[in-house]
Amino acid sequence: MSYVDRLAREIQQELPRDLLPAGETDELFRLYALLALLKGTEVSTQDVHDAWSTWMSARDPNHRSLRPFGELDPETQRADEPFLAAIKTVVASRSRTAATS
């Protein structure tokens, strides 16, 4: 398993199962892992939405939420928050582990 896949799995494991999208999500969580690697704790809900949009564009190009983050209603924007929290939790945990090593 690659370091990206390990990171993706850690992020996914931070989320309650009922929040996980249906179907194949490996690519989605790889995108979230990329956000973690590139942005660390500076990742935003807009970044999470953009990653999700990239993934969803291949699955359902007509999905109602495939719009820029700022055009989404507040409830739909909030749906990205648990994913943001999961990414930040994993990044922070890895930072603490690296600092004590």
# chains A, B, ... in the order shown; residues from 1 in each chain; ligands from 1

$ residues_around --residues "Pro74 (chain A)" --least-positions-apart "6" --cutoff "12 Å" --atoms "only C-alpha atoms" --output "NGL selection string"
:A and (45 or 65 or 80-81)

$ write_last_selection --atoms "N, CA and C atoms" --output "short mmCIF file (atom, residue, chain, number, x, y, z; two decimals), in the first residue's frame"
data_model
loop_
_atom_site.label_atom_id
_atom_site.label_comp_id
_atom_site.auth_asym_id
_atom_site.auth_seq_id
_atom_site.Cartn_x
_atom_site.Cartn_y
_atom_site.Cartn_z
N THR A 45 -12.95 24.09 3.74
CA THR A 45 -14.13 23.40 3.24
C THR A 45 -14.27 23.58 1.73
N SER A 65 -24.95 19.43 -6.79
CA SER A 65 -23.96 20.16 -6.00
C SER A 65 -22.66 20.42 -6.75
N ASP A 80 -19.61 19.35 3.96
CA ASP A 80 -18.18 19.12 3.77
C ASP A 80 -17.39 19.18 5.09
N GLU A 81 -17.98 19.72 6.12
CA GLU A 81 -17.26 19.94 7.38
C GLU A 81 -16.73 18.67 8.04
#

$ select_by_dssp --residues "region 35-67 of chain A" --states "alpha helix (DSSP H)" --output "PyMOL selection string"
chain A and resi 35-39+45-59

$ atom_distance --atom1 "CA of Ala22 (chain A)" --atom2 "CA of Trp55 (chain A)"
12.8 Å

$ atom_distance --atom1 "CA of Asp5 (chain A)" --atom2 "CA of Arg59 (chain A)"
20.4 Å

$ residues_around --residues "Arg64 (chain A)" --least-positions-apart "6" --cutoff "12 Å" --atoms "only C-alpha atoms" --output "number ranges by chain"
A: 53, 56-57, 71-73, 76

$ write_last_selection --atoms "C-alpha atoms" --output "JSON list (two decimals), in the first residue's frame"
[["chain", "number", "residue", "atom", "x", "y", "z"],
["A", 53, "SER", "CA", -16.44, 17.90, -7.24],
["A", 56, "MET", "CA", -18.16, 13.49, -8.63],
["A", 57, "SER", "CA", -17.61, 14.93, -12.12],
["A", 71, "GLU", "CA", -22.91, 29.06, -4.84],
["A", 72, "LEU", "CA", -24.02, 26.24, -2.52],
["A", 73, "ASP", "CA", -26.62, 26.78, 0.16],
["A", 76, "THR", "CA", -24.81, 21.80, 1.53]]

$ residues_around --residues "region 82-91 of chain A" --least-positions-apart "2" --cutoff "8 Å" --atoms "only C-alpha atoms" --output "list in words"
Leu7, Glu10, Ile11, Gln12, Glu14, Leu15, Tyr32, Ala33, Ala36, Gly40, Thr41, Val43, Ser44, Thr45, Val48, Ala79, Asp80, Ser93, Arg94 and Ser95 of chain A

$ residues_around --residues "Leu34 (chain A)" --least-positions-apart "4" --cutoff "8 Å" --atoms "only C-alpha atoms" --output "list of chain:residue names"
A:Val4, A:Arg30, A:Leu38

$ write_last_selection --atoms "C-alpha atoms" --output "PDB file, in the first residue's frame"
ATOM      1  CA  VAL A   4      -1.016   8.095  -0.257  1.00  0.00           C
ATOM      2  CA  ARG A  30      -6.899   9.856  -2.433  1.00  0.00           C
ATOM      3  CA  LEU A  38      -0.399  19.844   0.033  1.00  0.00           C
TER       4      LEU A  38
END

$ atom_distance --atom1 "CA of Ala51 (chain A)" --atom2 "CA of Leu31 (chain A)"
5.9 Å

$ closest_residue --among "A:Thr97, A:Gln77, A:Thr54, A:Gln13" --to "Leu28 (chain A)" --atoms "only C-alpha atoms"
A:Thr54

$ closest_residue --among "A:Leu37, A:Gly70, A:Ala99, A:Trp52" --to "Leu20 (chain A)" --atoms "only C-alpha atoms"
A:Trp52

$ decode --residues "chain A" --atoms "C-alpha atoms" --output "PDB file, in the first residue's frame"
ATOM      1  CA  MET A   1       0.000   0.000   0.000  1.00  0.00           C
ATOM      2  CA  SER A   2       1.378   3.410  -0.945  1.00  0.00           C
ATOM      3  CA  TYR A   3       1.830   6.281   1.499  1.00  0.00           C
ATOM      4  CA  VAL A   4      -1.016   8.095  -0.257  1.00  0.00           C
ATOM      5  CA  ASP A   5      -3.347   5.132   0.171  1.00  0.00           C
ATOM      6  CA  ARG A   6      -2.397   4.816   3.851  1.00  0.00           C
ATOM      7  CA  LEU A   7      -3.169   8.479   4.390  1.00  0.00           C
ATOM      8  CA  ALA A   8      -6.456   8.152   2.476  1.00  0.00           C
ATOM      9  CA  ARG A   9      -7.440   5.202   4.644  1.00  0.00           C
ATOM     10  CA  GLU A  10      -6.625   7.113   7.844  1.00  0.00           C
ATOM     11  CA  ILE A  11      -8.830   9.998   6.725  1.00  0.00           C
ATOM     12  CA  GLN A  12     -11.662   7.647   5.813  1.00  0.00           C
ATOM     13  CA  GLN A  13     -11.434   5.902   9.185  1.00  0.00           C
ATOM     14  CA  GLU A  14     -12.004   9.230  10.965  1.00  0.00           C
ATOM     15  CA  LEU A  15     -15.507   9.443   9.514  1.00  0.00           C
ATOM     16  CA  PRO A  16     -18.663   7.730  10.697  1.00  0.00           C
ATOM     17  CA  ARG A  17     -19.738   5.067   8.191  1.00  0.00           C
ATOM     18  CA  ASP A  18     -23.090   6.773   7.594  1.00  0.00           C
ATOM     19  CA  LEU A  19     -21.306   9.808   6.125  1.00  0.00           C
ATOM     20  CA  LEU A  20     -19.350   7.826   3.550  1.00  0.00           C
ATOM     21  CA  PRO A  21     -20.611   8.164  -0.017  1.00  0.00           C
ATOM     22  CA  ALA A  22     -22.043   5.030  -1.580  1.00  0.00           C
ATOM     23  CA  GLY A  23     -19.950   3.028  -3.993  1.00  0.00           C
ATOM     24  CA  GLU A  24     -16.257   3.187  -4.756  1.00  0.00           C
ATOM     25  CA  THR A  25     -14.573   5.989  -2.817  1.00  0.00           C
ATOM     26  CA  ASP A  26     -10.862   5.166  -3.137  1.00  0.00           C
ATOM     27  CA  GLU A  27     -10.244   8.012  -5.579  1.00  0.00           C
ATOM     28  CA  LEU A  28     -12.173  10.491  -3.452  1.00  0.00           C
ATOM     29  CA  PHE A  29     -10.104   9.718  -0.395  1.00  0.00           C
ATOM     30  CA  ARG A  30      -6.899   9.856  -2.433  1.00  0.00           C
ATOM     31  CA  LEU A  31      -7.918  13.394  -3.362  1.00  0.00           C
ATOM     32  CA  TYR A  32      -8.476  14.167   0.316  1.00  0.00           C
ATOM     33  CA  ALA A  33      -5.034  12.668   1.049  1.00  0.00           C
ATOM     34  CA  LEU A  34      -3.564  14.976  -1.586  1.00  0.00           C
ATOM     35  CA  LEU A  35      -5.181  17.943   0.150  1.00  0.00           C
ATOM     36  CA  ALA A  36      -3.664  16.783   3.437  1.00  0.00           C
ATOM     37  CA  LEU A  37      -0.216  16.520   1.850  1.00  0.00           C
ATOM     38  CA  LEU A  38      -0.399  19.844   0.033  1.00  0.00           C
ATOM     39  CA  LYS A  39      -2.315  22.046   2.456  1.00  0.00           C
ATOM     40  CA  GLY A  40      -1.995  20.363   5.835  1.00  0.00           C
ATOM     41  CA  THR A  41      -4.060  22.105   8.470  1.00  0.00           C
ATOM     42  CA  GLU A  42      -4.645  25.028   6.096  1.00  0.00           C
ATOM     43  CA  VAL A  43      -7.121  22.951   4.087  1.00  0.00           C
ATOM     44  CA  SER A  44     -10.575  24.532   3.823  1.00  0.00           C
ATOM     45  CA  THR A  45     -14.134  23.395   3.239  1.00  0.00           C
ATOM     46  CA  GLN A  46     -13.880  24.903  -0.228  1.00  0.00           C
ATOM     47  CA  ASP A  47     -10.843  22.677  -0.919  1.00  0.00           C
ATOM     48  CA  VAL A  48     -12.792  19.644   0.283  1.00  0.00           C
ATOM     49  CA  HIS A  49     -15.716  20.566  -1.950  1.00  0.00           C
ATOM     50  CA  ASP A  50     -13.410  21.062  -4.946  1.00  0.00           C
ATOM     51  CA  ALA A  51     -11.874  17.607  -4.388  1.00  0.00           C
ATOM     52  CA  TRP A  52     -15.340  16.077  -4.062  1.00  0.00           C
ATOM     53  CA  SER A  53     -16.440  17.904  -7.238  1.00  0.00           C
ATOM     54  CA  THR A  54     -13.459  16.511  -9.134  1.00  0.00           C
ATOM     55  CA  TRP A  55     -14.428  13.005  -8.024  1.00  0.00           C
ATOM     56  CA  MET A  56     -18.159  13.486  -8.625  1.00  0.00           C
ATOM     57  CA  SER A  57     -17.611  14.929 -12.121  1.00  0.00           C
ATOM     58  CA  ALA A  58     -16.677  11.442 -13.320  1.00  0.00           C
ATOM     59  CA  ARG A  59     -19.487   9.708 -11.411  1.00  0.00           C
ATOM     60  CA  ASP A  60     -22.454  12.010 -11.950  1.00  0.00           C
ATOM     61  CA  PRO A  61     -21.658  15.080 -14.070  1.00  0.00           C
ATOM     62  CA  ASN A  62     -25.175  16.415 -13.515  1.00  0.00           C
ATOM     63  CA  HIS A  63     -25.112  16.252  -9.712  1.00  0.00           C
ATOM     64  CA  ARG A  64     -26.913  19.256  -8.230  1.00  0.00           C
ATOM     65  CA  SER A  65     -23.957  20.164  -5.996  1.00  0.00           C
ATOM     66  CA  LEU A  66     -21.419  20.390  -8.824  1.00  0.00           C
ATOM     67  CA  ARG A  67     -21.150  24.152  -8.478  1.00  0.00           C
ATOM     68  CA  PRO A  68     -18.553  26.435  -6.955  1.00  0.00           C
ATOM     69  CA  PHE A  69     -18.578  26.252  -3.165  1.00  0.00           C
ATOM     70  CA  GLY A  70     -19.796  29.845  -2.796  1.00  0.00           C
ATOM     71  CA  GLU A  71     -22.914  29.065  -4.840  1.00  0.00           C
ATOM     72  CA  LEU A  72     -24.016  26.241  -2.522  1.00  0.00           C
ATOM     73  CA  ASP A  73     -26.623  26.777   0.157  1.00  0.00           C
ATOM     74  CA  PRO A  74     -25.275  26.784   3.742  1.00  0.00           C
ATOM     75  CA  GLU A  75     -26.629  23.306   4.510  1.00  0.00           C
ATOM     76  CA  THR A  76     -24.813  21.799   1.528  1.00  0.00           C
ATOM     77  CA  GLN A  77     -21.632  23.685   2.464  1.00  0.00           C
ATOM     78  CA  ARG A  78     -21.833  22.235   5.983  1.00  0.00           C
ATOM     79  CA  ALA A  79     -21.891  18.714   4.536  1.00  0.00           C
ATOM     80  CA  ASP A  80     -18.176  19.119   3.772  1.00  0.00           C
ATOM     81  CA  GLU A  81     -17.262  19.944   7.379  1.00  0.00           C
ATOM     82  CA  PRO A  82     -16.896  16.358   8.689  1.00  0.00           C
ATOM     83  CA  PHE A  83     -14.524  15.581   5.817  1.00  0.00           C
ATOM     84  CA  LEU A  84     -12.522  18.704   6.579  1.00  0.00           C
ATOM     85  CA  ALA A  85     -12.359  17.726  10.246  1.00  0.00           C
ATOM     86  CA  ALA A  86     -11.173  14.222   9.336  1.00  0.00           C
ATOM     87  CA  ILE A  87      -8.378  15.581   7.148  1.00  0.00           C
ATOM     88  CA  LYS A  88      -7.260  18.057   9.819  1.00  0.00           C
ATOM     89  CA  THR A  89      -7.394  15.407  12.558  1.00  0.00           C
ATOM     90  CA  VAL A  90      -5.153  13.056  10.597  1.00  0.00           C
ATOM     91  CA  VAL A  91      -2.724  15.829   9.660  1.00  0.00           C
ATOM     92  CA  ALA A  92      -2.490  16.980  13.286  1.00  0.00           C
ATOM     93  CA  SER A  93      -2.033  13.425  14.530  1.00  0.00           C
ATOM     94  CA  ARG A  94       0.750  12.780  12.035  1.00  0.00           C
ATOM     95  CA  SER A  95       2.417  16.070  12.992  1.00  0.00           C
ATOM     96  CA  ARG A  96       2.370  15.120  16.693  1.00  0.00           C
ATOM     97  CA  THR A  97       3.776  11.684  15.888  1.00  0.00           C
ATOM     98  CA  ALA A  98       6.549  13.182  13.751  1.00  0.00           C
ATOM     99  CA  ALA A  99       7.407  15.682  16.484  1.00  0.00           C
ATOM    100  CA  THR A 100       7.848  12.948  19.080  1.00  0.00           C
ATOM    101  CA  SER A 101       9.898  10.673  16.821  1.00  0.00           C
TER     102      SER A 101
END
